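Dumped data-v3.txt below, it's compact mmCIF, C-alpha atoms and all ligand atoms:
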# COMPACT_ATOMS: atom_id res chain seq x y z
CA MET A 1 25.60 -6.13 4.45
CA LYS A 2 27.07 -7.02 7.81
CA TYR A 3 24.64 -7.52 10.63
CA PHE A 4 24.66 -9.05 14.08
CA THR A 5 21.16 -9.91 15.28
CA SER A 6 19.78 -12.56 17.57
CA PRO A 7 20.85 -16.10 16.68
CA TYR A 8 17.40 -17.22 17.84
CA ASN A 9 16.01 -15.56 14.68
CA PHE A 10 17.61 -18.23 12.58
CA ILE A 11 16.44 -21.38 14.32
CA GLN A 12 13.81 -21.79 11.61
CA GLN A 13 15.31 -19.91 8.72
CA ASP A 14 13.09 -18.81 5.85
CA THR A 15 14.98 -16.97 3.15
CA ARG A 16 12.19 -16.94 0.56
CA LYS A 17 11.92 -13.58 -1.17
CA VAL A 18 8.68 -11.65 -0.96
CA LYS A 19 7.37 -9.16 -3.51
CA ILE A 20 6.95 -5.62 -2.32
CA TYR A 21 4.45 -3.19 -3.76
CA ASP A 22 4.81 0.25 -2.32
CA THR A 23 1.71 2.31 -1.58
CA THR A 24 3.30 5.62 -0.50
CA LEU A 25 1.82 7.34 -3.55
CA ARG A 26 -1.68 5.92 -2.97
CA ASP A 27 -2.48 5.06 0.68
CA GLY A 28 0.34 7.42 1.75
CA GLU A 29 -1.26 10.22 -0.21
CA GLN A 30 -4.61 9.46 1.45
CA THR A 31 -3.09 10.70 4.71
CA PRO A 32 -5.18 13.71 5.71
CA GLY A 33 -3.50 16.86 4.44
CA VAL A 34 -1.00 15.10 2.16
CA LYS A 35 -1.03 15.88 -1.56
CA PHE A 36 1.90 15.08 -3.82
CA SER A 37 2.46 17.06 -7.00
CA ARG A 38 3.01 15.15 -10.22
CA GLU A 39 6.73 15.96 -10.11
CA GLN A 40 6.97 14.80 -6.49
CA LYS A 41 5.22 11.52 -7.36
CA VAL A 42 7.66 10.92 -10.19
CA ALA A 43 10.67 11.71 -7.95
CA ILE A 44 9.47 9.34 -5.22
CA ALA A 45 8.70 6.63 -7.78
CA ARG A 46 12.19 6.93 -9.27
CA LYS A 47 13.75 6.58 -5.82
CA LEU A 48 11.54 3.56 -5.03
CA ASP A 49 12.65 2.04 -8.32
CA GLU A 50 16.29 2.68 -7.41
CA LEU A 51 15.66 0.89 -4.10
CA GLY A 52 14.30 -2.04 -6.09
CA VAL A 53 10.64 -2.57 -5.15
CA ASP A 54 8.64 -4.85 -7.44
CA SER A 55 5.68 -2.53 -7.98
CA ILE A 56 4.64 1.02 -7.24
CA GLU A 57 1.00 1.77 -6.53
CA ALA A 58 0.92 5.26 -7.98
CA GLY A 59 -2.52 6.49 -7.05
CA PHE A 60 -6.28 6.26 -7.47
CA PRO A 61 -6.79 7.72 -10.96
CA VAL A 62 -10.59 7.92 -11.00
CA ILE A 63 -10.59 10.50 -8.18
CA SER A 64 -9.83 13.41 -10.51
CA GLU A 65 -8.20 14.36 -13.79
CA TYR A 66 -5.23 15.51 -11.72
CA ASP A 67 -4.84 12.08 -10.11
CA GLU A 68 -5.17 10.32 -13.45
CA ALA A 69 -2.48 12.56 -14.94
CA ALA A 70 -0.17 11.95 -11.95
CA VAL A 71 -0.51 8.16 -12.28
CA LYS A 72 0.08 8.50 -16.01
CA ALA A 73 3.24 10.53 -15.37
CA VAL A 74 4.62 7.75 -13.15
CA ALA A 75 3.59 5.04 -15.62
CA SER A 76 5.33 6.95 -18.44
CA GLU A 77 8.67 6.80 -16.60
CA ARG A 78 9.33 3.28 -17.89
CA LEU A 79 10.70 2.17 -14.53
CA ASP A 80 11.89 -1.35 -13.80
CA ALA A 81 9.12 -1.57 -11.20
CA ASP A 82 5.60 -2.24 -12.42
CA VAL A 83 3.26 0.68 -11.96
CA ILE A 84 -0.14 -0.23 -10.60
CA CYS A 85 -3.07 1.75 -9.23
CA LEU A 86 -6.25 1.42 -7.23
CA CYS A 87 -9.75 0.88 -8.64
CA ARG A 88 -13.17 0.16 -7.25
CA ALA A 89 -14.99 -2.73 -8.94
CA LYS A 90 -16.33 -0.30 -11.52
CA GLN A 91 -15.69 -0.02 -15.24
CA LYS A 92 -15.28 3.74 -14.89
CA ASP A 93 -12.37 3.27 -12.46
CA ILE A 94 -10.71 0.66 -14.65
CA ASP A 95 -11.07 2.91 -17.71
CA ALA A 96 -9.23 5.69 -15.84
CA ALA A 97 -6.46 3.22 -14.93
CA LEU A 98 -6.19 2.03 -18.52
CA ARG A 99 -5.99 5.62 -19.79
CA ALA A 100 -3.13 6.20 -17.33
CA GLY A 101 -1.24 3.34 -18.95
CA VAL A 102 -0.52 1.25 -15.84
CA ASP A 103 0.83 -2.31 -15.84
CA GLY A 104 -1.77 -3.50 -13.38
CA ILE A 105 -4.59 -2.62 -11.04
CA ILE A 106 -5.77 -3.43 -7.56
CA VAL A 107 -9.53 -3.84 -7.45
CA PHE A 108 -10.72 -3.44 -3.89
CA LEU A 109 -14.02 -4.52 -2.47
CA ALA A 110 -15.25 -5.22 1.04
CA VAL A 111 -17.39 -8.26 1.80
CA SER A 112 -17.42 -8.03 5.58
CA ASP A 113 -20.97 -7.99 6.97
CA LEU A 114 -20.26 -4.55 8.41
CA HIS A 115 -19.23 -2.98 5.10
CA LEU A 116 -21.91 -4.80 3.09
CA LYS A 117 -24.60 -3.44 5.40
CA TYR A 118 -23.45 0.10 6.19
CA LYS A 119 -21.27 1.09 3.26
CA LEU A 120 -22.24 -0.86 0.18
CA HIS A 121 -25.93 -1.48 1.07
CA THR A 122 -25.85 -4.72 -0.82
CA ASP A 123 -25.42 -8.46 -0.30
CA LEU A 124 -22.53 -10.85 -0.70
CA ALA A 125 -23.69 -12.34 -4.00
CA THR A 126 -24.08 -8.92 -5.63
CA SER A 127 -20.64 -7.81 -4.45
CA VAL A 128 -18.98 -10.99 -5.60
CA ALA A 129 -20.64 -10.63 -9.01
CA MET A 130 -19.40 -7.01 -9.24
CA ALA A 131 -15.84 -8.11 -8.45
CA GLY A 132 -16.04 -10.84 -11.09
CA ASP A 133 -17.27 -8.45 -13.77
CA ALA A 134 -14.56 -5.91 -12.94
CA ILE A 135 -11.83 -8.56 -13.13
CA ASP A 136 -13.20 -9.81 -16.46
CA TYR A 137 -13.17 -6.31 -17.85
CA ALA A 138 -9.64 -5.51 -16.68
CA LYS A 139 -8.25 -8.88 -17.80
CA SER A 140 -9.77 -8.37 -21.26
CA HIS A 141 -7.44 -5.35 -21.51
CA GLY A 142 -4.40 -7.44 -20.58
CA VAL A 143 -3.37 -5.85 -17.28
CA PHE A 144 -2.29 -7.53 -14.04
CA VAL A 145 -5.20 -7.69 -11.60
CA GLN A 146 -5.07 -8.02 -7.85
CA LEU A 147 -8.41 -8.40 -6.10
CA SER A 148 -8.14 -7.01 -2.58
CA ALA A 149 -10.64 -7.78 0.12
CA GLU A 150 -11.01 -4.59 2.10
CA ASP A 151 -11.67 -5.17 5.82
CA ALA A 152 -10.54 -8.79 5.26
CA THR A 153 -9.49 -9.20 8.88
CA ARG A 154 -13.08 -8.67 10.02
CA THR A 155 -14.60 -10.76 7.23
CA SER A 156 -15.82 -14.32 7.80
CA ILE A 157 -13.84 -17.06 6.08
CA GLY A 158 -17.06 -17.95 4.25
CA ASN A 159 -17.44 -14.50 2.71
CA LEU A 160 -13.73 -14.20 1.95
CA THR A 161 -13.67 -17.60 0.29
CA ALA A 162 -16.72 -16.75 -1.84
CA LEU A 163 -15.06 -13.56 -3.08
CA PHE A 164 -11.66 -15.13 -3.64
CA ASN A 165 -13.06 -18.19 -5.45
CA ALA A 166 -14.92 -15.92 -7.84
CA ALA A 167 -11.86 -13.71 -8.34
CA LYS A 168 -9.65 -16.68 -9.08
CA GLU A 169 -12.18 -18.18 -11.50
CA ARG A 170 -12.40 -14.89 -13.39
CA GLY A 171 -8.64 -14.74 -13.80
CA ALA A 172 -7.33 -12.50 -10.99
CA ASP A 173 -3.53 -12.73 -10.70
CA ARG A 174 -3.33 -12.09 -6.98
CA LEU A 175 -5.64 -12.08 -3.97
CA GLY A 176 -5.10 -9.43 -1.32
CA ILE A 177 -6.13 -9.20 2.30
CA ALA A 178 -6.36 -5.75 3.80
CA ASP A 179 -6.26 -5.18 7.54
CA THR A 180 -8.10 -1.96 6.88
CA THR A 181 -8.53 -0.85 10.49
CA GLY A 182 -5.26 -2.40 11.70
CA CYS A 183 -7.18 -4.56 14.18
CA ILE A 184 -5.61 -7.99 13.76
CA ARG A 185 -2.73 -9.26 15.86
CA PRO A 186 0.08 -11.49 14.62
CA GLN A 187 -1.54 -14.71 15.82
CA GLY A 188 -4.72 -13.88 13.89
CA MET A 189 -2.73 -12.94 10.82
CA ARG A 190 -0.88 -16.26 10.91
CA TYR A 191 -4.15 -18.19 11.14
CA LEU A 192 -5.75 -16.25 8.29
CA VAL A 193 -2.81 -16.46 5.90
CA GLU A 194 -2.18 -20.14 6.60
CA LYS A 195 -5.87 -20.90 6.04
CA LEU A 196 -5.97 -19.00 2.73
CA ARG A 197 -2.59 -20.40 1.69
CA LYS A 198 -4.02 -23.91 2.07
CA ASN A 199 -7.09 -23.11 -0.02
CA PHE A 200 -5.66 -20.94 -2.79
CA ASP A 201 -2.74 -21.85 -5.04
CA ILE A 202 -2.43 -18.30 -6.33
CA GLU A 203 -0.38 -15.31 -5.17
CA LEU A 204 -1.55 -13.80 -1.90
CA SER A 205 -0.75 -10.38 -0.51
CA ALA A 206 -1.28 -8.37 2.67
CA HIS A 207 -1.87 -4.68 3.32
CA CYS A 208 -1.60 -3.80 7.00
CA HIS A 209 -2.50 -0.68 8.93
CA ASP A 210 -0.80 0.54 12.08
CA ASP A 211 -3.67 1.53 14.36
CA PHE A 212 -2.24 -0.61 17.16
CA GLY A 213 1.40 -0.22 16.11
CA LEU A 214 1.38 -3.77 14.72
CA ALA A 215 1.54 -3.20 10.96
CA VAL A 216 5.17 -4.28 10.63
CA ALA A 217 4.74 -7.24 13.01
CA ASN A 218 1.62 -8.35 11.12
CA SER A 219 3.36 -7.98 7.74
CA LEU A 220 6.32 -10.06 8.91
CA THR A 221 3.98 -12.67 10.38
CA ALA A 222 2.12 -12.79 7.06
CA TYR A 223 5.48 -13.41 5.41
CA GLU A 224 6.25 -16.24 7.84
CA ALA A 225 2.84 -17.74 7.12
CA GLY A 226 3.49 -17.86 3.37
CA ILE A 227 2.32 -14.57 1.87
CA ASP A 228 3.77 -13.73 -1.57
CA ALA A 229 3.55 -9.94 -1.57
CA LEU A 230 3.40 -7.10 0.94
CA SER A 231 1.98 -3.60 0.58
CA LEU A 232 4.21 -1.11 2.41
CA SER A 233 4.83 2.62 2.52
CA VAL A 234 7.79 4.90 3.14
CA ASN A 235 7.83 6.19 6.74
CA GLY A 236 4.69 4.11 7.27
CA LEU A 237 2.72 6.94 5.67
CA GLY A 238 -0.97 6.17 5.17
CA GLU A 239 -4.49 6.77 6.39
CA ARG A 240 -4.90 7.44 10.12
CA CYS A 241 -1.90 5.78 11.81
CA GLY A 242 -0.45 4.69 8.50
CA ASN A 243 0.68 1.44 6.89
CA ALA A 244 3.53 -0.96 7.51
CA SER A 245 6.79 0.94 7.06
CA LEU A 246 8.74 -0.05 3.96
CA GLU A 247 12.13 0.64 5.53
CA GLU A 248 11.32 -1.34 8.68
CA VAL A 249 10.07 -4.40 6.81
CA VAL A 250 12.89 -4.34 4.25
CA MET A 251 15.59 -4.08 6.92
CA SER A 252 13.90 -6.71 9.09
CA LEU A 253 13.87 -9.09 6.14
CA TYR A 254 17.60 -8.51 5.66
CA ALA A 255 18.86 -8.50 9.20
CA LEU A 256 16.28 -10.52 11.18
CA TYR A 257 15.43 -13.12 8.53
CA GLY A 258 18.60 -13.16 6.43
CA VAL A 259 16.63 -12.63 3.21
CA ASP A 260 18.70 -11.13 0.42
CA MET A 261 16.17 -8.91 -1.32
CA GLY A 262 18.76 -7.51 -3.72
CA TYR A 263 17.66 -3.98 -2.80
CA LYS A 264 19.83 -0.87 -2.80
CA THR A 265 19.04 -0.17 0.85
CA SER A 266 21.56 2.66 1.02
CA VAL A 267 18.90 4.95 -0.50
CA LEU A 268 16.43 4.37 2.35
CA LYS A 269 17.42 7.45 4.35
CA GLU A 270 17.25 9.67 1.27
CA LEU A 271 13.89 8.17 0.27
CA SER A 272 12.52 8.69 3.76
CA GLU A 273 13.66 12.33 3.83
CA MET A 274 12.17 12.96 0.41
CA VAL A 275 8.78 11.57 1.45
CA SER A 276 8.92 13.50 4.71
CA LYS A 277 9.68 16.74 2.88
CA TYR A 278 7.00 16.29 0.20
CA SER A 279 4.34 15.08 2.65
CA GLY A 280 5.16 17.67 5.30
CA ILE A 281 5.19 14.90 7.91
CA PRO A 282 8.39 14.89 9.98
CA ILE A 283 10.40 11.74 10.70
CA PRO A 284 10.20 11.05 14.45
CA ILE A 285 13.64 11.44 16.02
CA ASN A 286 13.53 7.85 17.34
CA LYS A 287 12.00 6.34 14.18
CA ALA A 288 13.39 2.86 13.47
CA ILE A 289 15.93 2.60 10.64
CA VAL A 290 15.74 6.17 9.29
CA GLY A 291 15.27 8.35 12.39
CA PRO A 292 18.07 10.77 13.38
CA ASN A 293 18.70 8.81 16.59
CA ALA A 294 18.85 5.34 15.03
CA PHE A 295 22.68 5.31 15.15
CA ARG A 296 23.34 8.02 17.71
CA HIS A 297 24.99 7.31 21.04
CA GLU A 298 25.62 9.54 24.05
CA SER A 299 25.74 7.37 27.17
CA GLY A 300 29.37 7.02 28.26
CA ILE A 301 29.22 3.25 28.49
CA HIS A 302 27.70 2.92 25.02
CA VAL A 303 30.07 5.38 23.33
CA ALA A 304 33.15 3.68 24.76
CA ALA A 305 31.94 0.27 23.54
CA VAL A 306 30.69 1.45 20.14
CA ILE A 307 34.08 3.01 19.36
CA LYS A 308 35.68 -0.42 19.90
CA CYS A 309 32.94 -2.48 18.21
CA PRO A 310 29.72 -0.87 16.90
CA PHE A 311 27.84 -4.18 17.11
CA THR A 312 27.85 -3.80 20.91
CA TYR A 313 24.95 -1.34 20.54
CA GLU A 314 23.88 -1.64 16.90
CA SER A 315 22.57 -4.53 14.79
CA TYR A 316 23.91 -3.43 11.41
CA GLU A 317 26.06 -0.74 9.86
CA PRO A 318 24.41 2.67 9.43
CA GLN A 319 25.82 3.00 5.88
CA ALA A 320 23.55 0.10 4.87
CA VAL A 321 20.59 2.48 5.01
CA GLY A 322 22.41 5.69 4.09
CA GLN A 323 22.81 6.77 7.73
CA GLU A 324 25.91 7.77 9.67
CA ARG A 325 26.88 6.89 13.20
CA ARG A 326 26.77 9.90 15.48
CA LEU A 327 28.48 10.09 18.82
CA THR A 328 27.11 12.80 21.02
CA PHE A 329 28.88 14.28 24.00
CA GLY A 330 27.22 15.89 26.98
CA ARG A 331 26.16 15.19 30.54
CA HIS A 332 25.81 11.44 29.84
CA SER A 333 29.39 11.11 28.59
CA GLY A 334 32.10 9.07 30.27
CA SER A 335 35.87 9.49 30.26
CA GLU A 336 36.71 6.35 28.30
CA GLY A 337 34.42 7.28 25.40
CA VAL A 338 35.74 10.84 25.27
CA ARG A 339 39.38 9.70 25.40
CA GLU A 340 38.81 7.11 22.64
CA LYS A 341 37.00 9.61 20.46
CA LEU A 342 39.72 12.24 20.88
CA LYS A 343 42.37 9.64 20.15
CA SER A 344 40.58 8.66 16.93
CA MET A 345 40.68 12.34 15.94
CA GLY A 346 44.40 12.58 16.69
CA MET A 347 44.20 14.46 20.00
CA GLN A 348 46.03 13.23 23.07
CA VAL A 349 45.00 14.45 26.51
CA THR A 350 46.46 13.77 29.94
CA ASP A 351 44.31 12.25 32.70
CA LYS A 352 44.08 15.66 34.33
CA GLU A 353 42.98 17.35 31.11
CA LEU A 354 40.43 14.59 30.48
CA ALA A 355 38.99 15.10 33.96
CA GLU A 356 38.62 18.81 33.17
CA VAL A 357 36.80 18.05 29.91
CA ILE A 358 34.44 15.58 31.61
CA LYS A 359 33.69 18.09 34.33
CA ALA A 360 32.89 20.73 31.71
CA LEU A 361 30.58 18.29 29.87
CA LYS A 362 28.76 17.29 33.05
CA THR A 363 28.19 20.88 34.13
CA MET A 364 26.83 22.02 30.77
CA PRO A 365 23.51 23.84 31.17
CA VAL A 366 20.58 21.41 31.07
CA ASP A 367 19.18 23.09 27.95
CA ALA A 368 22.51 23.22 26.07
CA SER A 369 22.59 21.41 22.72
CA PRO A 370 24.60 18.21 22.86
CA ILE A 371 27.95 18.24 21.07
CA ASP A 372 28.13 16.00 18.02
CA ASN A 373 31.14 14.31 16.38
CA GLY A 374 32.58 17.45 14.84
CA GLY A 375 32.07 19.84 17.74
CA LEU A 376 34.05 17.85 20.28
CA LEU A 377 37.52 19.06 19.26
CA ALA A 378 36.50 22.72 19.42
CA PHE A 379 34.84 22.14 22.80
CA VAL A 380 37.95 20.44 24.23
CA ASN A 381 40.24 23.14 22.85
CA ALA A 382 38.08 25.79 24.48
CA VAL A 383 37.99 24.00 27.83
CA LEU A 384 41.77 23.46 27.85
CA ASN A 385 42.51 26.91 26.43
CA ARG A 386 44.34 25.32 23.52
CA LYS A 387 44.49 26.74 20.06
CA GLY A 388 42.43 24.54 17.71
MN MN B 401 -5.19 1.09 3.32
This entry written out as structure tokens:
Amino acid sequence: MKYFTSPYNFIQQDTRKVKIYDTTLRDGEQTPGVKFSREQKVAIARKLDELGVDSIEAGFPVISEYDEAAVKAVASERLDADVICLCRAKQKDIDAALRAGVDGIIVFLAVSDLHLKYKLHTDLATSVAMAGDAIDYAKSHGVFVQLSAEDATRTSIGNLTALFNAAKERGADRLGIADTTGCIRPQGMRYLVEKLRKNFDIELSAHCHDDFGLAVANSLTAYEAGIDALSLSVNGLGERCGNASLEEVVMSLYALYGVDMGYKTSVLKELSEMVSKYSGIPIPINKAIVGPNAFRHESGIHVAAVIKCPFTYESYEPQAVGQERRLTFGRHSGSEGVREKLKSMGMQVTDKELAEVIKALKTMPVDASPIDNGGLLAFVNAVLNRKG
């Protein structure tokens, strides 16, 4: 993939790969009002597998028979990606996961004072013991186990360390920190990950929420600080304001860090549209990477430059993510861009004709739809009374 980003990105280059486990089918499905059918889950999982993610968190099977069956359907696909699912630190939850035939589980448990007091009504020692027993049970059935500390970003280092030490001793394969309310900022994330990195020689992962619009920044900072795995979701789908967007983190790793993830990023647009359609949540027009405007230009100055060299106003080629460049013509257009575009489509116009076209564009009604790539020739022919 060709890209042209800031050279300052590469002053301290880190090209270490990071594992990605996608949570579109779990946290994404916990978005109020979102419910994927079994067939939709399988279709999304296949597309995620085609992209190349390491693991797919397919759901929370204990919730209902329906959820268990949906996770089982994804697990039965025999994808290259591992299929994992969410469990509380309860044997009942782990049994449901095992019946679904997953490769691994994420056991989540909060040990922040707030959650211990108001949600779990228990103390640290009891919670830690519960986590240990759950890990023992799951490991005795031979599955991968990640122990995730819910609300980790509001948990004291003492409580976190107690939980993680126990988890590691009982054989957990990975320790996860969840920024459950999306309340940490990058500086805090760096401190936390570096601190844990120093104390635990075991895989660490991060799951970030976007309540302050910082989920992607926090995920990338966690990567810089030495995290091994990131939990992401397509379109940033997830509870409340969502999770860190898979497409934004993947493309940042490629083009801002120079990390070759080996992913088939050209499916990102298709994946994003599929999740948008099945979830009923539209893609914002200016959404990074996959939004309709991500490679669309109208301003005269931009269009004229982009025709000569797209890197003037883009950082990478739209085809890299399955997008297309769109030049739009309207009131913001300039003569150089219009002339260049017409020339590229094999139409020559005189200066006088060009002036007529520009005048027609600039006097279009304010509420008229802008003219995209294809419509320009017809518009020009109409203005100049030519036969198209
Ligand atoms: Mn979450």
### Message
Between A:Arg16, A:His207, A:His332, A:Lys287, which residue has the minimum interatomic distance to ligand MN 401 (chain B), considering all atoms listed in the file?
### Response
A:His207
### Query
Do you know which residues are within 10 Å of ligand MN 401 (chain B) using all atoms listed in the file? Can you write them as a ChimeraX atom specification?
/A:23,26-28,30-31,150-151,178-182,207-210,231-232,238-240,242-244
### Nearby residues (only C-alpha atoms) at most 12 Å from Gly280 of chain A, same-chain spacing under 4 positions excluded, as a ChimeraX atom specification
/A:28-29,31-36,235,237,272-276
### Query
So which residues fall inside 12 Å of (13.0, 12.2, -9.1) if we count all atoms listed in the file? Mind giving them as a PyMOL selection string?
chain A and resi 37-50+73-74+77+79+270-271+274-275+278
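Comparing the minimum interatomic distances between Phe4 of chain A and each of A:Ser279, A:Gln187, A:Ser315, A:Asn381, counting all atoms listed in the file, we find that A:Ser315 sits nearest.
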With a distance cut-off of 9 Å and only C-alpha atoms, select the neighbouring residues of Lys341 of chain A, excluding the residue or stretch itself and same-chain residues fewer than 5 positions from it, and output the selection as an mmCIF file with C-alpha atoms, in the frame of the given file.
data_model
loop_
_atom_site.group_PDB
_atom_site.id
_atom_site.type_symbol
_atom_site.label_atom_id
_atom_site.label_comp_id
_atom_site.auth_asym_id
_atom_site.auth_seq_id
_atom_site.Cartn_x
_atom_site.Cartn_y
_atom_site.Cartn_z
ATOM 1 C CA VAL A 303 30.070 5.380 23.330
ATOM 2 C CA ALA A 304 33.150 3.680 24.760
ATOM 3 C CA ILE A 307 34.080 3.010 19.360
ATOM 4 C CA LEU A 327 28.480 10.090 18.820
ATOM 5 C CA GLU A 336 36.710 6.350 28.300
ATOM 6 C CA GLY A 346 44.400 12.580 16.690
ATOM 7 C CA MET A 347 44.200 14.460 20.000
ATOM 8 C CA ASN A 373 31.140 14.310 16.380
ATOM 9 C CA LEU A 376 34.050 17.850 20.280
#
### Query
Separation of atom CA of Glu57 of chain A and atom CA of Asp136 of chain A, in Å?
20.8 Å
#### Entry: Point-to-point distance from atom CA of Tyr263 of chain A to atom CA of Val250 of chain A, Å rounded to tenths
8.5 Å
Just write segment 36-48 of chain A with N, CA, C and O atoms, as a PDB file, in the first residue's frame, taken from the block above.
ATOM      1  N   PHE A  36     -28.135  -8.920  15.962  1.00  0.00           N
ATOM      2  CA  PHE A  36     -27.763  -9.602  14.723  1.00  0.00           C
ATOM      3  C   PHE A  36     -28.412 -10.984  14.689  1.00  0.00           C
ATOM      4  O   PHE A  36     -28.457 -11.680  15.700  1.00  0.00           O
ATOM      5  N   SER A  37     -28.874 -11.383  13.510  1.00  0.00           N
ATOM      6  CA  SER A  37     -29.374 -12.753  13.363  1.00  0.00           C
ATOM      7  C   SER A  37     -28.156 -13.672  13.280  1.00  0.00           C
ATOM      8  O   SER A  37     -27.025 -13.224  13.062  1.00  0.00           O
ATOM      9  N   ARG A  38     -28.419 -14.952  13.408  1.00  0.00           N
ATOM     10  CA  ARG A  38     -27.333 -15.939  13.327  1.00  0.00           C
ATOM     11  C   ARG A  38     -26.626 -15.828  11.970  1.00  0.00           C
ATOM     12  O   ARG A  38     -25.402 -15.830  11.897  1.00  0.00           O
ATOM     13  N   GLU A  39     -27.415 -15.695  10.911  1.00  0.00           N
ATOM     14  CA  GLU A  39     -26.847 -15.617   9.559  1.00  0.00           C
ATOM     15  C   GLU A  39     -26.008 -14.342   9.401  1.00  0.00           C
ATOM     16  O   GLU A  39     -24.963 -14.349   8.771  1.00  0.00           O
ATOM     17  N   GLN A  40     -26.508 -13.250   9.991  1.00  0.00           N
ATOM     18  CA  GLN A  40     -25.747 -11.989   9.910  1.00  0.00           C
ATOM     19  C   GLN A  40     -24.427 -12.109  10.670  1.00  0.00           C
ATOM     20  O   GLN A  40     -23.382 -11.637  10.209  1.00  0.00           O
ATOM     21  N   LYS A  41     -24.468 -12.763  11.843  1.00  0.00           N
ATOM     22  CA  LYS A  41     -23.225 -12.954  12.611  1.00  0.00           C
ATOM     23  C   LYS A  41     -22.212 -13.761  11.799  1.00  0.00           C
ATOM     24  O   LYS A  41     -21.024 -13.418  11.753  1.00  0.00           O
ATOM     25  N   VAL A  42     -22.688 -14.792  11.162  1.00  0.00           N
ATOM     26  CA  VAL A  42     -21.781 -15.636  10.376  1.00  0.00           C
ATOM     27  C   VAL A  42     -21.197 -14.835   9.206  1.00  0.00           C
ATOM     28  O   VAL A  42     -19.995 -14.891   8.930  1.00  0.00           O
ATOM     29  N   ALA A  43     -22.044 -14.034   8.545  1.00  0.00           N
ATOM     30  CA  ALA A  43     -21.566 -13.243   7.399  1.00  0.00           C
ATOM     31  C   ALA A  43     -20.509 -12.223   7.841  1.00  0.00           C
ATOM     32  O   ALA A  43     -19.475 -12.055   7.177  1.00  0.00           O
ATOM     33  N   ILE A  44     -20.767 -11.555   8.958  1.00  0.00           N
ATOM     34  CA  ILE A  44     -19.792 -10.574   9.464  1.00  0.00           C
ATOM     35  C   ILE A  44     -18.498 -11.283   9.868  1.00  0.00           C
ATOM     36  O   ILE A  44     -17.395 -10.823   9.554  1.00  0.00           O
ATOM     37  N   ALA A  45     -18.630 -12.425  10.533  1.00  0.00           N
ATOM     38  CA  ALA A  45     -17.441 -13.175  10.970  1.00  0.00           C
ATOM     39  C   ALA A  45     -16.597 -13.603   9.765  1.00  0.00           C
ATOM     40  O   ALA A  45     -15.366 -13.499   9.791  1.00  0.00           O
ATOM     41  N   ARG A  46     -17.268 -14.051   8.701  1.00  0.00           N
ATOM     42  CA  ARG A  46     -16.519 -14.461   7.508  1.00  0.00           C
ATOM     43  C   ARG A  46     -15.738 -13.291   6.919  1.00  0.00           C
ATOM     44  O   ARG A  46     -14.601 -13.423   6.491  1.00  0.00           O
ATOM     45  N   LYS A  47     -16.391 -12.119   6.908  1.00  0.00           N
ATOM     46  CA  LYS A  47     -15.737 -10.935   6.339  1.00  0.00           C
ATOM     47  C   LYS A  47     -14.569 -10.493   7.234  1.00  0.00           C
ATOM     48  O   LYS A  47     -13.517 -10.080   6.740  1.00  0.00           O
ATOM     49  N   LEU A  48     -14.744 -10.587   8.545  1.00  0.00           N
ATOM     50  CA  LEU A  48     -13.650 -10.260   9.471  1.00  0.00           C
ATOM     51  C   LEU A  48     -12.481 -11.217   9.261  1.00  0.00           C
ATOM     52  O   LEU A  48     -11.311 -10.829   9.338  1.00  0.00           O
TER      53      LEU A  48
END
